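Text of model-v3.cif (mmCIF, C-alpha atoms and all ligand atoms) as supplied:
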```cif
data_target
loop_
_atom_site.label_atom_id
_atom_site.label_comp_id
_atom_site.auth_asym_id
_atom_site.auth_seq_id
_atom_site.Cartn_x
_atom_site.Cartn_y
_atom_site.Cartn_z
CA MET K 2 53.29 -150.90 -77.38
CA ILE K 3 53.47 -147.14 -77.35
CA LEU K 4 53.92 -145.28 -80.62
CA GLY K 5 55.81 -142.03 -79.97
CA ILE K 6 55.95 -139.08 -82.38
CA GLU K 7 58.29 -136.07 -82.05
CA THR K 8 58.32 -133.01 -84.35
CA SER K 9 59.15 -130.09 -82.05
CA CYS K 10 62.11 -128.75 -84.05
CA ASP K 11 63.97 -130.07 -87.10
CA GLU K 12 63.88 -133.80 -86.41
CA THR K 13 60.94 -135.88 -87.60
CA ALA K 14 60.92 -138.93 -85.32
CA ALA K 15 58.79 -141.96 -84.52
CA ALA K 16 59.46 -144.83 -82.12
CA LEU K 17 57.89 -147.94 -80.68
CA VAL K 18 58.52 -148.59 -77.00
CA THR K 19 57.05 -151.27 -74.73
CA ALA K 20 55.31 -150.50 -71.44
CA GLY K 21 58.44 -151.83 -69.73
CA GLY K 22 60.67 -149.32 -71.51
CA ASP K 23 62.26 -151.48 -74.21
CA ILE K 24 62.88 -149.74 -77.51
CA ARG K 25 61.52 -151.81 -80.41
CA ALA K 26 62.23 -149.16 -83.03
CA SER K 27 63.45 -145.57 -83.12
CA VAL K 28 63.59 -143.65 -86.39
CA VAL K 29 64.91 -140.09 -86.61
CA SER K 30 64.91 -138.18 -89.88
CA SER K 31 66.99 -135.03 -89.49
CA GLN K 32 66.24 -131.97 -91.59
CA ALA K 33 69.60 -130.41 -90.69
CA ASP K 34 70.83 -130.40 -94.31
CA LEU K 35 67.72 -128.57 -95.41
CA HIS K 36 68.30 -125.75 -92.91
CA ALA K 37 72.11 -125.65 -93.13
CA ARG K 38 72.26 -123.02 -95.86
CA TYR K 39 70.18 -120.64 -93.73
CA GLY K 40 72.48 -121.17 -90.73
CA GLY K 41 69.58 -122.22 -88.50
CA VAL K 42 66.13 -123.77 -88.47
CA VAL K 43 63.57 -121.95 -90.63
CA PRO K 44 60.25 -122.69 -88.87
CA GLU K 45 58.01 -122.69 -91.93
CA VAL K 46 60.41 -124.89 -93.88
CA ALA K 47 60.52 -127.27 -90.90
CA SER K 48 56.71 -127.56 -90.72
CA ARG K 49 56.42 -128.38 -94.41
CA ARG K 50 59.14 -131.00 -94.19
CA HIS K 51 57.51 -132.61 -91.13
CA LEU K 52 54.32 -132.83 -93.15
CA GLU K 53 56.13 -134.77 -95.88
CA LEU K 54 58.07 -137.01 -93.50
CA VAL K 55 55.78 -137.86 -90.62
CA ALA K 56 53.82 -140.69 -92.27
CA PRO K 57 56.89 -142.39 -93.84
CA VAL K 58 58.81 -142.12 -90.56
CA VAL K 59 55.94 -143.78 -88.63
CA ARG K 60 55.79 -146.47 -91.31
CA ASP K 61 59.57 -147.02 -91.01
CA ALA K 62 59.33 -147.36 -87.24
CA LEU K 63 56.55 -149.95 -87.55
CA SER K 64 58.50 -151.97 -90.09
CA GLU K 65 61.71 -151.74 -88.02
CA ALA K 66 59.77 -153.19 -85.07
CA GLY K 67 58.13 -155.83 -87.28
CA ALA K 68 54.80 -154.46 -86.09
CA THR K 69 51.58 -152.97 -87.46
CA LEU K 70 49.22 -150.40 -85.98
CA ASP K 71 47.32 -153.38 -84.50
CA ASP K 72 50.19 -153.74 -82.03
CA VAL K 73 49.92 -150.14 -80.84
CA ASP K 74 47.93 -149.55 -77.62
CA THR K 75 48.74 -145.89 -77.03
CA VAL K 76 49.93 -142.96 -79.13
CA ALA K 77 52.28 -140.41 -77.52
CA VAL K 78 53.23 -137.09 -79.04
CA THR K 79 55.23 -133.98 -78.13
CA GLN K 80 52.78 -131.19 -77.33
CA GLY K 81 55.42 -128.51 -76.57
CA PRO K 82 57.61 -126.57 -76.08
CA GLY K 83 58.99 -126.05 -79.58
CA LEU K 84 58.20 -124.49 -82.95
CA ILE K 85 54.43 -124.19 -83.00
CA GLY K 86 53.91 -125.11 -86.67
CA ALA K 87 56.25 -128.07 -86.37
CA LEU K 88 54.51 -129.31 -83.21
CA LEU K 89 51.08 -129.04 -84.84
CA VAL K 90 52.12 -131.45 -87.62
CA GLY K 91 53.11 -134.16 -85.13
CA LEU K 92 50.07 -133.52 -82.96
CA ALA K 93 47.67 -133.73 -85.93
CA ALA K 94 49.32 -136.95 -87.15
CA ALA K 95 49.10 -138.49 -83.66
CA LYS K 96 45.46 -137.48 -83.29
CA ALA K 97 44.62 -138.97 -86.68
CA ILE K 98 46.30 -142.30 -85.92
CA ALA K 99 44.84 -142.54 -82.40
CA TRP K 100 41.34 -141.48 -83.50
CA SER K 101 41.19 -143.87 -86.44
CA ARG K 102 42.04 -146.80 -84.11
CA ARG K 103 40.06 -145.49 -81.10
CA LEU K 104 43.25 -145.41 -79.03
CA PRO K 105 44.10 -143.11 -76.13
CA LEU K 106 46.61 -140.32 -76.72
CA VAL K 107 49.29 -139.04 -74.35
CA PRO K 108 50.45 -135.42 -74.84
CA VAL K 109 54.09 -135.21 -73.70
CA ASP K 110 56.17 -132.23 -72.63
CA HIS K 111 59.40 -132.27 -74.66
CA LEU K 112 61.60 -131.49 -71.62
CA ARG K 113 60.02 -134.33 -69.63
CA GLY K 114 60.77 -136.44 -72.69
CA HIS K 115 64.47 -135.65 -72.43
CA VAL K 116 64.45 -136.69 -68.76
CA ALA K 117 62.57 -139.89 -69.67
CA SER K 118 65.39 -140.83 -72.06
CA LEU K 119 67.02 -142.12 -68.85
CA TYR K 120 64.12 -144.51 -68.15
CA LEU K 121 64.68 -146.64 -71.25
CA GLY K 122 66.49 -149.86 -71.94
CA PRO K 123 68.43 -152.30 -69.87
CA ASP K 124 70.15 -149.74 -67.60
CA ALA K 125 67.13 -147.57 -66.79
CA LEU K 126 67.71 -145.00 -64.06
CA GLU K 127 65.19 -144.59 -61.23
CA PRO K 128 64.37 -141.29 -59.50
CA PRO K 129 65.33 -139.47 -57.35
CA PHE K 130 68.34 -137.79 -59.00
CA LEU K 131 69.66 -134.39 -59.98
CA CYS K 132 69.38 -133.83 -63.73
CA LEU K 133 71.12 -131.35 -66.00
CA LEU K 134 69.01 -130.82 -69.12
CA ALA K 135 71.12 -129.08 -71.77
CA SER K 136 69.72 -128.76 -75.28
CA GLY K 137 69.50 -126.25 -78.09
CA GLY K 138 66.52 -124.53 -76.52
CA HIS K 139 66.93 -125.10 -72.77
CA THR K 140 69.48 -125.35 -69.99
CA MET K 141 68.06 -126.41 -66.64
CA LEU K 142 69.00 -128.06 -63.41
CA LEU K 143 66.15 -130.29 -62.30
CA ASP K 144 65.51 -131.96 -58.98
CA VAL K 145 63.82 -135.14 -60.21
CA ARG K 146 61.87 -136.47 -57.23
CA GLY K 147 59.79 -139.08 -59.00
CA TYR K 148 58.63 -140.03 -62.49
CA GLY K 149 57.25 -136.88 -64.08
CA GLU K 150 57.96 -134.91 -60.89
CA GLU K 151 60.64 -132.32 -61.52
CA ALA K 152 61.42 -129.07 -59.69
CA VAL K 153 63.48 -126.48 -61.57
CA LEU K 154 66.50 -125.45 -59.45
CA GLY K 155 68.20 -123.28 -62.05
CA THR K 156 67.85 -122.17 -65.65
CA THR K 157 69.72 -120.06 -68.18
CA LEU K 158 69.30 -116.30 -67.98
CA ASP K 159 70.09 -115.88 -71.69
CA ASP K 160 71.32 -118.46 -74.23
CA ALA K 161 70.93 -122.21 -73.82
CA ALA K 162 74.14 -124.27 -73.72
CA GLY K 163 73.40 -125.84 -77.12
CA GLU K 164 72.69 -122.40 -78.53
CA ALA K 165 76.10 -121.26 -77.20
CA PHE K 166 77.70 -124.20 -79.01
CA ASP K 167 75.83 -123.42 -82.22
CA LYS K 168 76.60 -119.68 -82.12
CA GLY K 169 80.26 -120.39 -81.34
CA ALA K 170 80.45 -122.83 -84.21
CA ARG K 171 79.02 -120.19 -86.51
CA LEU K 172 81.64 -117.63 -85.43
CA LEU K 173 84.29 -120.24 -86.20
CA GLY K 174 82.86 -120.81 -89.65
CA LEU K 175 81.67 -124.36 -88.94
CA GLY K 176 78.49 -125.81 -90.41
CA TYR K 177 75.03 -125.98 -88.89
CA PRO K 178 74.17 -127.46 -86.44
CA GLY K 179 77.53 -126.65 -84.96
CA GLY K 180 77.65 -128.37 -81.55
CA ARG K 181 78.87 -131.69 -82.84
CA GLU K 182 81.35 -130.13 -85.28
CA LEU K 183 82.78 -127.89 -82.58
CA ASP K 184 83.14 -130.96 -80.35
CA LEU K 185 85.09 -132.78 -83.09
CA LEU K 186 87.32 -129.79 -83.88
CA ALA K 187 88.05 -129.15 -80.18
CA ARG K 188 89.81 -132.53 -79.97
CA ASP K 189 92.66 -131.09 -82.09
CA GLY K 190 92.99 -127.88 -80.06
CA ASP K 191 94.52 -126.63 -76.82
CA PRO K 192 91.74 -125.88 -74.30
CA THR K 193 94.06 -123.58 -72.33
CA ALA K 194 95.05 -121.42 -75.33
CA TYR K 195 92.36 -118.83 -74.55
CA ALA K 196 91.01 -117.87 -71.14
CA PHE K 197 87.31 -117.50 -71.88
CA PRO K 198 85.18 -116.33 -68.96
CA VAL K 199 82.87 -118.63 -67.03
CA ALA K 200 79.96 -116.43 -65.99
CA ARG K 201 79.32 -116.12 -62.27
CA VAL K 202 75.60 -115.65 -61.72
CA PRO K 203 73.86 -116.03 -58.36
CA GLY K 204 72.05 -119.20 -57.31
CA LEU K 205 72.04 -122.16 -59.67
CA ASP K 206 71.30 -120.26 -62.87
CA PHE K 207 73.45 -120.17 -66.01
CA SER K 208 74.55 -117.46 -68.44
CA PHE K 209 76.31 -118.00 -71.76
CA SER K 210 75.88 -114.75 -73.67
CA GLY K 211 79.11 -113.19 -72.31
CA LEU K 212 81.10 -116.18 -73.46
CA LYS K 213 79.75 -115.84 -76.98
CA THR K 214 80.74 -112.17 -77.00
CA ALA K 215 84.24 -113.08 -75.79
CA LEU K 216 84.61 -115.48 -78.72
CA LEU K 217 83.36 -112.79 -81.08
CA TYR K 218 86.06 -110.40 -79.81
CA ALA K 219 88.71 -113.10 -80.11
CA THR K 220 87.82 -113.88 -83.72
CA ARG K 221 86.76 -110.60 -85.33
CA ASP K 222 90.25 -109.14 -85.83
CA LEU K 223 91.73 -112.36 -87.19
CA SER K 224 92.39 -112.70 -90.90
CA GLU K 225 91.03 -115.76 -92.63
CA ASP K 226 94.43 -117.49 -92.44
CA GLU K 227 94.90 -116.59 -88.78
CA LEU K 228 91.43 -117.89 -87.97
CA ALA K 229 92.16 -121.15 -89.77
CA ALA K 230 95.37 -121.55 -87.77
CA ARG K 231 93.72 -120.86 -84.40
CA ARG K 232 90.33 -122.44 -85.03
CA ALA K 233 90.93 -125.67 -83.13
CA ASP K 234 92.40 -123.81 -80.12
CA LEU K 235 89.46 -121.42 -80.10
CA ALA K 236 87.00 -124.31 -80.29
CA ALA K 237 88.75 -126.24 -77.50
CA SER K 238 88.95 -123.19 -75.20
CA TYR K 239 85.34 -122.19 -75.87
CA GLN K 240 84.06 -125.71 -75.27
CA ARG K 241 86.11 -125.91 -72.06
CA ALA K 242 84.38 -122.76 -70.75
CA ILE K 243 80.86 -124.08 -71.48
CA VAL K 244 81.62 -127.48 -69.98
CA ARG K 245 83.19 -125.92 -66.88
CA ALA K 246 80.10 -123.80 -66.27
CA LEU K 247 77.81 -126.82 -66.60
CA VAL K 248 79.95 -129.15 -64.48
CA ALA K 249 80.39 -126.54 -61.71
CA ARG K 250 76.63 -126.16 -61.37
CA VAL K 251 76.01 -129.91 -61.33
CA ARG K 252 78.61 -130.34 -58.58
CA GLU K 253 77.20 -127.44 -56.54
CA ALA K 254 73.64 -128.73 -56.73
CA ALA K 255 74.34 -132.46 -56.37
CA GLY K 256 75.00 -132.54 -52.62
CA GLY K 257 75.67 -136.27 -52.61
CA LYS K 258 72.70 -137.08 -54.86
CA ARG K 259 72.99 -139.14 -58.01
CA THR K 260 73.39 -137.00 -61.10
CA ALA K 261 72.33 -137.37 -64.74
CA VAL K 262 72.71 -135.35 -67.94
CA VAL K 263 70.22 -135.31 -70.82
CA GLY K 264 69.57 -133.28 -74.01
CA GLY K 265 71.62 -132.71 -77.14
CA VAL K 266 74.59 -131.23 -75.28
CA ALA K 267 74.82 -134.44 -73.23
CA ALA K 268 76.34 -135.87 -76.43
CA ASN K 269 79.38 -133.61 -75.94
CA SER K 270 82.51 -135.70 -75.42
CA GLU K 271 84.23 -133.34 -72.98
CA LEU K 272 81.09 -132.98 -70.85
CA ARG K 273 80.67 -136.76 -70.74
CA ALA K 274 84.31 -137.23 -69.73
CA SER K 275 84.04 -134.50 -67.08
CA LEU K 276 81.15 -136.19 -65.26
CA PRO K 277 82.32 -139.79 -64.93
CA ASP K 278 79.85 -140.59 -62.14
CA ALA K 279 76.77 -139.15 -63.84
CA ALA K 280 74.16 -141.24 -65.62
CA LEU K 281 74.32 -140.33 -69.30
CA ALA K 282 71.75 -141.26 -71.91
CA PRO K 283 73.20 -143.18 -74.89
CA LEU K 284 74.25 -140.80 -77.67
CA ALA K 285 71.27 -141.61 -79.89
CA LEU K 286 68.89 -140.68 -77.08
CA CYS K 287 70.58 -137.34 -76.22
CA THR K 288 69.49 -135.43 -79.31
CA ASP K 289 65.80 -135.26 -80.19
CA ASN K 290 64.10 -138.60 -80.75
CA ALA K 291 60.67 -140.17 -80.26
CA ALA K 292 61.71 -143.06 -77.98
CA MET K 293 62.10 -140.56 -75.13
CA ILE K 294 58.60 -139.22 -75.85
CA ALA K 295 57.09 -142.72 -75.75
CA SER K 296 59.08 -143.32 -72.55
CA ALA K 297 57.65 -140.22 -70.87
CA ALA K 298 54.16 -141.36 -71.87
CA ARG K 299 54.60 -144.36 -69.54
CA PHE K 300 54.46 -141.92 -66.63
CA THR K 301 51.89 -139.44 -67.98
CA GLU K 302 48.11 -139.69 -67.87
CA ALA K 303 46.52 -140.59 -71.21
CA VAL K 304 43.63 -138.60 -72.68
CA PRO K 305 40.82 -141.00 -73.68
CA TYR K 306 39.33 -141.31 -77.17
CA PRO K 307 38.10 -138.89 -78.56
CA ALA K 308 38.62 -136.11 -75.97
CA TYR K 309 42.14 -135.39 -77.28
CA LEU K 310 40.88 -134.06 -80.60
CA GLY K 311 40.64 -130.60 -79.00
CA LEU K 312 44.23 -130.58 -77.68
CA ASP K 313 46.48 -127.73 -78.78
CA ALA K 314 50.27 -127.46 -78.98
CA TYR K 315 52.21 -124.90 -76.94
CA ALA K 316 55.37 -123.07 -78.02
CA SER K 317 56.73 -122.38 -74.53
CA ARG K 318 56.12 -123.72 -71.06
O1 LIG F 1 68.03 -131.88 -77.56
P1 LIG F 1 68.30 -131.38 -78.91
O2 LIG F 1 68.47 -132.36 -80.02
O3 LIG F 1 67.22 -130.36 -79.39
C1 LIG F 1 66.58 -129.45 -78.56
O4 LIG F 1 65.65 -129.85 -77.82
O5 LIG F 1 67.05 -128.28 -78.58
O6 LIG F 1 69.64 -130.47 -78.77
C2 LIG F 1 70.25 -129.92 -79.88
C3 LIG F 1 71.47 -129.15 -79.43
C4 LIG F 1 72.09 -128.32 -80.54
O7 LIG F 1 72.32 -127.02 -80.03
C5 LIG F 1 73.38 -129.04 -80.86
O8 LIG F 1 74.39 -128.21 -81.33
C6 LIG F 1 73.73 -129.62 -79.51
O9 LIG F 1 72.50 -130.04 -78.98
N1 LIG F 1 74.69 -130.75 -79.64
C7 LIG F 1 75.95 -130.72 -79.15
C8 LIG F 1 76.55 -131.95 -79.52
N2 LIG F 1 75.62 -132.69 -80.21
C9 LIG F 1 74.49 -131.92 -80.27
N3 LIG F 1 76.59 -129.78 -78.46
C10 LIG F 1 77.86 -130.05 -78.11
N4 LIG F 1 78.52 -131.18 -78.43
C11 LIG F 1 77.90 -132.16 -79.12
N5 LIG F 1 78.55 -133.30 -79.42
ZN ZN F 2 65.16 -131.58 -77.41
#
```

Take the structure in this file and express it as structure tokens.
Ligand code: KG4
Ligand code: ZN
Amino acid sequence: MILGIETSCDETAAALVTAGGDIRASVVSSQADLHARYGGVVPEVASRRHLELVAPVVRDALSEAGATLDDVDTVAVTQGPGLIGALLVGLAAAKAIAWSRRLPLVPVDHLRGHVASLYLGPDALEPPFLCLLASGGHTMLLDVRGYGEEAVLGTTLDDAAGEAFDKGARLLGLGYPGGRELDLLARDGDPTAYAFPVARVPGLDFSFSGLKTALLYATRDLSEDELAARRADLAASYQRAIVRALVARVREAAGGKRTAVVGGVAANSELRASLPDAALAPLALCTDNAAMIASAARFTEAVPYPAYLGLDAYASR
């Protein structure tokens, strides 16, 4: 079995996955409540919390799988990109576990992890396919040619799609993290109430900063009561604009190929409904988790004991 560990942002996660891609356990401890009052993730607070949670979360995963460390053959861990202090906690924990058992260690790229969320479970997808990766930190169109073989076709020029959701949610006075709350609120609103712009940028790139500004202009002159009355319509129209931009790019790039969507924004109900033919990871595997990291490790070269002790984390690709 592969023990996966993920600590790149504000989720402390551990999972046990078989070499064949079956999930035996997947535990995710979200720190969202801890960061909510700051309106976003505070990196230093996240690192400290990971430090407290990483061992109990690994223990939980083992007990959920009815396993012990004796059943673990390989340790996989997110090496980057992400918050550097947060990553270092997971990496140090993974090194310690692997070293103490003389196991190999697989450093995993977080974005490859998101793609590998599609390679798990009974309905595993096989490359090649076109993949939209939309998360809080990244928005990319990937040409996935083989396992661990991705070419970037397009990327965001400014904000990531998840960031656009979170910033929009903040302007609407919703909690943090806002993507899911905005999704829920949008169900009660009219998506045609406001004509928010869908940015036209050349090639297959994305841009979401203009949309955020448009929402700012639409909300800033509203009184508190007016905002409350229009909030659902604003949320629905804003979400519609983000989803339209994403779906348009997927359709343009697909050219008959199979398509897939991964990352936290893949949990969005309107996006899921708008791409009925796309392969979509189950909801629990869209947002950050360690099963996807263990899954990616199946297609990534392991570093033998004890050479990995010198590995470092990286904040960006
Ligand atoms: O993949 P992820 O968990 O973390 C990163 O790697 O960034 O993605 C988190 C992002 C957040 O921006 C969050 O607001 C967004 O995914 N998200 C959603 C939904 N659920 C999570 N955005 C829109 N609708 C949702 N239902
Ligand atoms: Zn992620």

Could I get the residues of chain K with an atom no further than 10 Å from an atom of ligand LIG 1 (chain F), each paired with its nearest atom pair and that distance in Å to one decimal, using only C-alpha atoms and all ligand atoms, sorted by chain and residue number, as JSON lines?
```
{"residue": "K:Ser9", "atom": "CA", "partner": "F:LIG1", "partner_atom": "O4", "distance": 7.8}
{"residue": "K:Cys10", "atom": "CA", "partner": "F:LIG1", "partner_atom": "O3", "distance": 7.1}
{"residue": "K:Asp11", "atom": "CA", "partner": "F:LIG1", "partner_atom": "O3", "distance": 8.4}
{"residue": "K:Glu12", "atom": "CA", "partner": "F:LIG1", "partner_atom": "O2", "distance": 8.0}
{"residue": "K:Ser31", "atom": "CA", "partner": "F:LIG1", "partner_atom": "O2", "distance": 9.9}
{"residue": "K:Pro82", "atom": "CA", "partner": "F:LIG1", "partner_atom": "O4", "distance": 8.9}
{"residue": "K:Gly83", "atom": "CA", "partner": "F:LIG1", "partner_atom": "O4", "distance": 7.9}
{"residue": "K:His111", "atom": "CA", "partner": "F:LIG1", "partner_atom": "O4", "distance": 7.4}
{"residue": "K:Leu112", "atom": "CA", "partner": "F:LIG1", "partner_atom": "O4", "distance": 7.6}
{"residue": "K:Gly114", "atom": "CA", "partner": "F:LIG1", "partner_atom": "O4", "distance": 9.7}
{"residue": "K:His115", "atom": "CA", "partner": "F:LIG1", "partner_atom": "O1", "distance": 7.3}
{"residue": "K:Leu134", "atom": "CA", "partner": "F:LIG1", "partner_atom": "O1", "distance": 8.6}
{"residue": "K:Ala135", "atom": "CA", "partner": "F:LIG1", "partner_atom": "O1", "distance": 7.1}
{"residue": "K:Ser136", "atom": "CA", "partner": "F:LIG1", "partner_atom": "O6", "distance": 3.9}
{"residue": "K:Gly137", "atom": "CA", "partner": "F:LIG1", "partner_atom": "O5", "distance": 3.2}
{"residue": "K:Gly138", "atom": "CA", "partner": "F:LIG1", "partner_atom": "O5", "distance": 4.3}
{"residue": "K:His139", "atom": "CA", "partner": "F:LIG1", "partner_atom": "O5", "distance": 6.6}
{"residue": "K:Thr140", "atom": "CA", "partner": "F:LIG1", "partner_atom": "O5", "distance": 9.4}
{"residue": "K:Ala161", "atom": "CA", "partner": "F:LIG1", "partner_atom": "O7", "distance": 8.0}
{"residue": "K:Ala162", "atom": "CA", "partner": "F:LIG1", "partner_atom": "O7", "distance": 7.1}
{"residue": "K:Gly163", "atom": "CA", "partner": "F:LIG1", "partner_atom": "O7", "distance": 3.3}
{"residue": "K:Glu164", "atom": "CA", "partner": "F:LIG1", "partner_atom": "O7", "distance": 4.9}
{"residue": "K:Ala165", "atom": "CA", "partner": "F:LIG1", "partner_atom": "O7", "distance": 7.4}
{"residue": "K:Phe166", "atom": "CA", "partner": "F:LIG1", "partner_atom": "O8", "distance": 5.7}
{"residue": "K:Asp167", "atom": "CA", "partner": "F:LIG1", "partner_atom": "O8", "distance": 5.1}
{"residue": "K:Lys168", "atom": "CA", "partner": "F:LIG1", "partner_atom": "O7", "distance": 8.7}
{"residue": "K:Gly169", "atom": "CA", "partner": "F:LIG1", "partner_atom": "O8", "distance": 9.8}
{"residue": "K:Ala170", "atom": "CA", "partner": "F:LIG1", "partner_atom": "O8", "distance": 8.6}
{"residue": "K:Tyr177", "atom": "CA", "partner": "F:LIG1", "partner_atom": "O8", "distance": 7.9}
{"residue": "K:Pro178", "atom": "CA", "partner": "F:LIG1", "partner_atom": "O8", "distance": 5.2}
{"residue": "K:Gly179", "atom": "CA", "partner": "F:LIG1", "partner_atom": "O8", "distance": 5.0}
{"residue": "K:Gly180", "atom": "CA", "partner": "F:LIG1", "partner_atom": "O8", "distance": 3.3}
{"residue": "K:Arg181", "atom": "CA", "partner": "F:LIG1", "partner_atom": "N5", "distance": 3.8}
{"residue": "K:Glu182", "atom": "CA", "partner": "F:LIG1", "partner_atom": "N5", "distance": 7.2}
{"residue": "K:Leu183", "atom": "CA", "partner": "F:LIG1", "partner_atom": "N4", "distance": 6.8}
{"residue": "K:Asp184", "atom": "CA", "partner": "F:LIG1", "partner_atom": "N4", "distance": 5.0}
{"residue": "K:Leu185", "atom": "CA", "partner": "F:LIG1", "partner_atom": "N5", "distance": 7.5}
{"residue": "K:Ala187", "atom": "CA", "partner": "F:LIG1", "partner_atom": "N4", "distance": 9.9}
{"residue": "K:Gln240", "atom": "CA", "partner": "F:LIG1", "partner_atom": "C10", "distance": 8.1}
{"residue": "K:Ile243", "atom": "CA", "partner": "F:LIG1", "partner_atom": "C10", "distance": 9.4}
{"residue": "K:Val244", "atom": "CA", "partner": "F:LIG1", "partner_atom": "C10", "distance": 9.3}
{"residue": "K:Val263", "atom": "CA", "partner": "F:LIG1", "partner_atom": "O1", "distance": 7.9}
{"residue": "K:Gly264", "atom": "CA", "partner": "F:LIG1", "partner_atom": "O1", "distance": 4.1}
{"residue": "K:Gly265", "atom": "CA", "partner": "F:LIG1", "partner_atom": "O9", "distance": 3.4}
{"residue": "K:Val266", "atom": "CA", "partner": "F:LIG1", "partner_atom": "N3", "distance": 4.0}
{"residue": "K:Ala267", "atom": "CA", "partner": "F:LIG1", "partner_atom": "C8", "distance": 7.0}
{"residue": "K:Ala268", "atom": "CA", "partner": "F:LIG1", "partner_atom": "N5", "distance": 4.5}
{"residue": "K:Asn269", "atom": "CA", "partner": "F:LIG1", "partner_atom": "N4", "distance": 3.6}
{"residue": "K:Ser270", "atom": "CA", "partner": "F:LIG1", "partner_atom": "N5", "distance": 6.1}
{"residue": "K:Glu271", "atom": "CA", "partner": "F:LIG1", "partner_atom": "N4", "distance": 8.2}
{"residue": "K:Leu272", "atom": "CA", "partner": "F:LIG1", "partner_atom": "N4", "distance": 8.2}
{"residue": "K:Arg273", "atom": "CA", "partner": "F:LIG1", "partner_atom": "N5", "distance": 9.6}
{"residue": "K:Leu284", "atom": "CA", "partner": "F:LIG1", "partner_atom": "N2", "distance": 8.6}
{"residue": "K:Ala285", "atom": "CA", "partner": "F:LIG1", "partner_atom": "O2", "distance": 9.7}
{"residue": "K:Leu286", "atom": "CA", "partner": "F:LIG1", "partner_atom": "O2", "distance": 8.8}
{"residue": "K:Cys287", "atom": "CA", "partner": "F:LIG1", "partner_atom": "O1", "distance": 6.2}
{"residue": "K:Thr288", "atom": "CA", "partner": "F:LIG1", "partner_atom": "O2", "distance": 3.3}
{"residue": "K:Asp289", "atom": "CA", "partner": "F:LIG1", "partner_atom": "O2", "distance": 3.9}
{"residue": "K:Asn290", "atom": "CA", "partner": "F:LIG1", "partner_atom": "O2", "distance": 7.7}
```

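Of note, atom CA of Ala237 of chain K and atom CA of Ala219 of chain K are spaced 13.4 Å apart.
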
**OP:** Please provide the set of residues having any atom within 10 Å of Gly22 of chain K, restricted to all atoms listed in the file, with same-chain residues fewer than 4 positions apart removed, written as a ChimeraX atom specification.
**Re:** /K:2-3,17-18,117-123,125,292-293,295-297,299

Original post:
How many Å lie between atom CA of Leu142 of chain K and atom CA of Leu154 of chain K, rounded to one decimal?
Top reply: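 We find that atom CA of Leu142 of chain K and atom CA of Leu154 of chain K lie 5.4 Å from each other.
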
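Atom CA of Phe197 of chain K sits 6.5 Å away from atom CA of Tyr239 of chain K.
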
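Ranking K:Leu158, K:Leu235, K:Leu173, K:Val28 by their shortest atom-to-atom distance to Ala196 of chain K, with all atoms listed in the file included, puts K:Leu235 first.
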
**OP:** Identify which of the residues K:Ala280, K:Ala14, K:Ala62, K:Ala26 lies closest to ligand ZN 2 (chain F), counting only C-alpha atoms and all ligand atoms when measuring atom-to-atom distances.
**Re:** K:Ala14

Original post:
So, counting only C-alpha atoms, which residue among K:Pro108, K:Gly86, K:Gly5, K:Gly211 is closest to Val199 of chain K?
Top reply: K:Gly211

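With all atoms listed in the file as the atoms that count, the residue of K:Ser208, K:Thr79, K:Ser64, K:Ser27 with the shortest distance to ligand ZN 2 (chain F) is K:Thr79.
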
**OP:** Rank K:Leu216, K:Val116, K:Leu52, K:Ala66 by their smallest atom-to-atom distance to ligand ZN 2 (chain F), using only C-alpha atoms and all ligand atoms, and report the top residue only.
**Re:**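 Under the stated criterion, the closest residue is K:Val116.
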
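Counting only C-alpha atoms and comparing K:Val304, K:Met141, K:Val42, K:Ala242, the residue that lies closest to Ala87 of chain K is K:Val42.
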
Original post:
Got a sec: who's within 12 Å of Gly257 of chain K, counting all atoms listed in the file, leaving out chain neighbours fewer than 4 positions off, as a ChimeraX atom specification?
Top reply: /K:129-131,251-253,278-279

Mind writing the picked residues with C-alpha atoms as an mmCIF file, keeping the file's coordinate frame?
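Heads up, here's the output in result33.cif:
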```cif
data_model
loop_
_atom_site.group_PDB
_atom_site.id
_atom_site.type_symbol
_atom_site.label_atom_id
_atom_site.label_comp_id
_atom_site.auth_asym_id
_atom_site.auth_seq_id
_atom_site.Cartn_x
_atom_site.Cartn_y
_atom_site.Cartn_z
ATOM 1 C CA PRO K 129 65.330 -139.470 -57.350
ATOM 2 C CA PHE K 130 68.340 -137.790 -59.000
ATOM 3 C CA LEU K 131 69.660 -134.390 -59.980
ATOM 4 C CA VAL K 251 76.010 -129.910 -61.330
ATOM 5 C CA ARG K 252 78.610 -130.340 -58.580
ATOM 6 C CA GLU K 253 77.200 -127.440 -56.540
ATOM 7 C CA ASP K 278 79.850 -140.590 -62.140
ATOM 8 C CA ALA K 279 76.770 -139.150 -63.840
#
```

Around (66.6, -137.2, -56.1) in the file's frame, which residues reach within 9 Å when counting only C-alpha atoms? Return as a compact mmCIF listing (two decimals) with C-alpha atoms, keeping the file's coordinate frame?
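The result, written out as out-v1.txt:
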```txt
# COMPACT_ATOMS: atom_id res chain seq x y z
CA PRO K 128 64.37 -141.29 -59.50
CA PRO K 129 65.33 -139.47 -57.35
CA PHE K 130 68.34 -137.79 -59.00
CA LEU K 131 69.66 -134.39 -59.98
CA CYS K 132 69.38 -133.83 -63.73
CA ASP K 144 65.51 -131.96 -58.98
CA VAL K 145 63.82 -135.14 -60.21
CA ARG K 146 61.87 -136.47 -57.23
CA GLY K 147 59.79 -139.08 -59.00
CA LYS K 258 72.70 -137.08 -54.86
CA ARG K 259 72.99 -139.14 -58.01
CA THR K 260 73.39 -137.00 -61.10
```

Subject >> 10 Å contact set for Ala308 of chain K, only C-alpha atoms, chain neighbours under 3 positions out, as a ChimeraX atom specification >> reply: /K:100,105-106,304-305,311-312
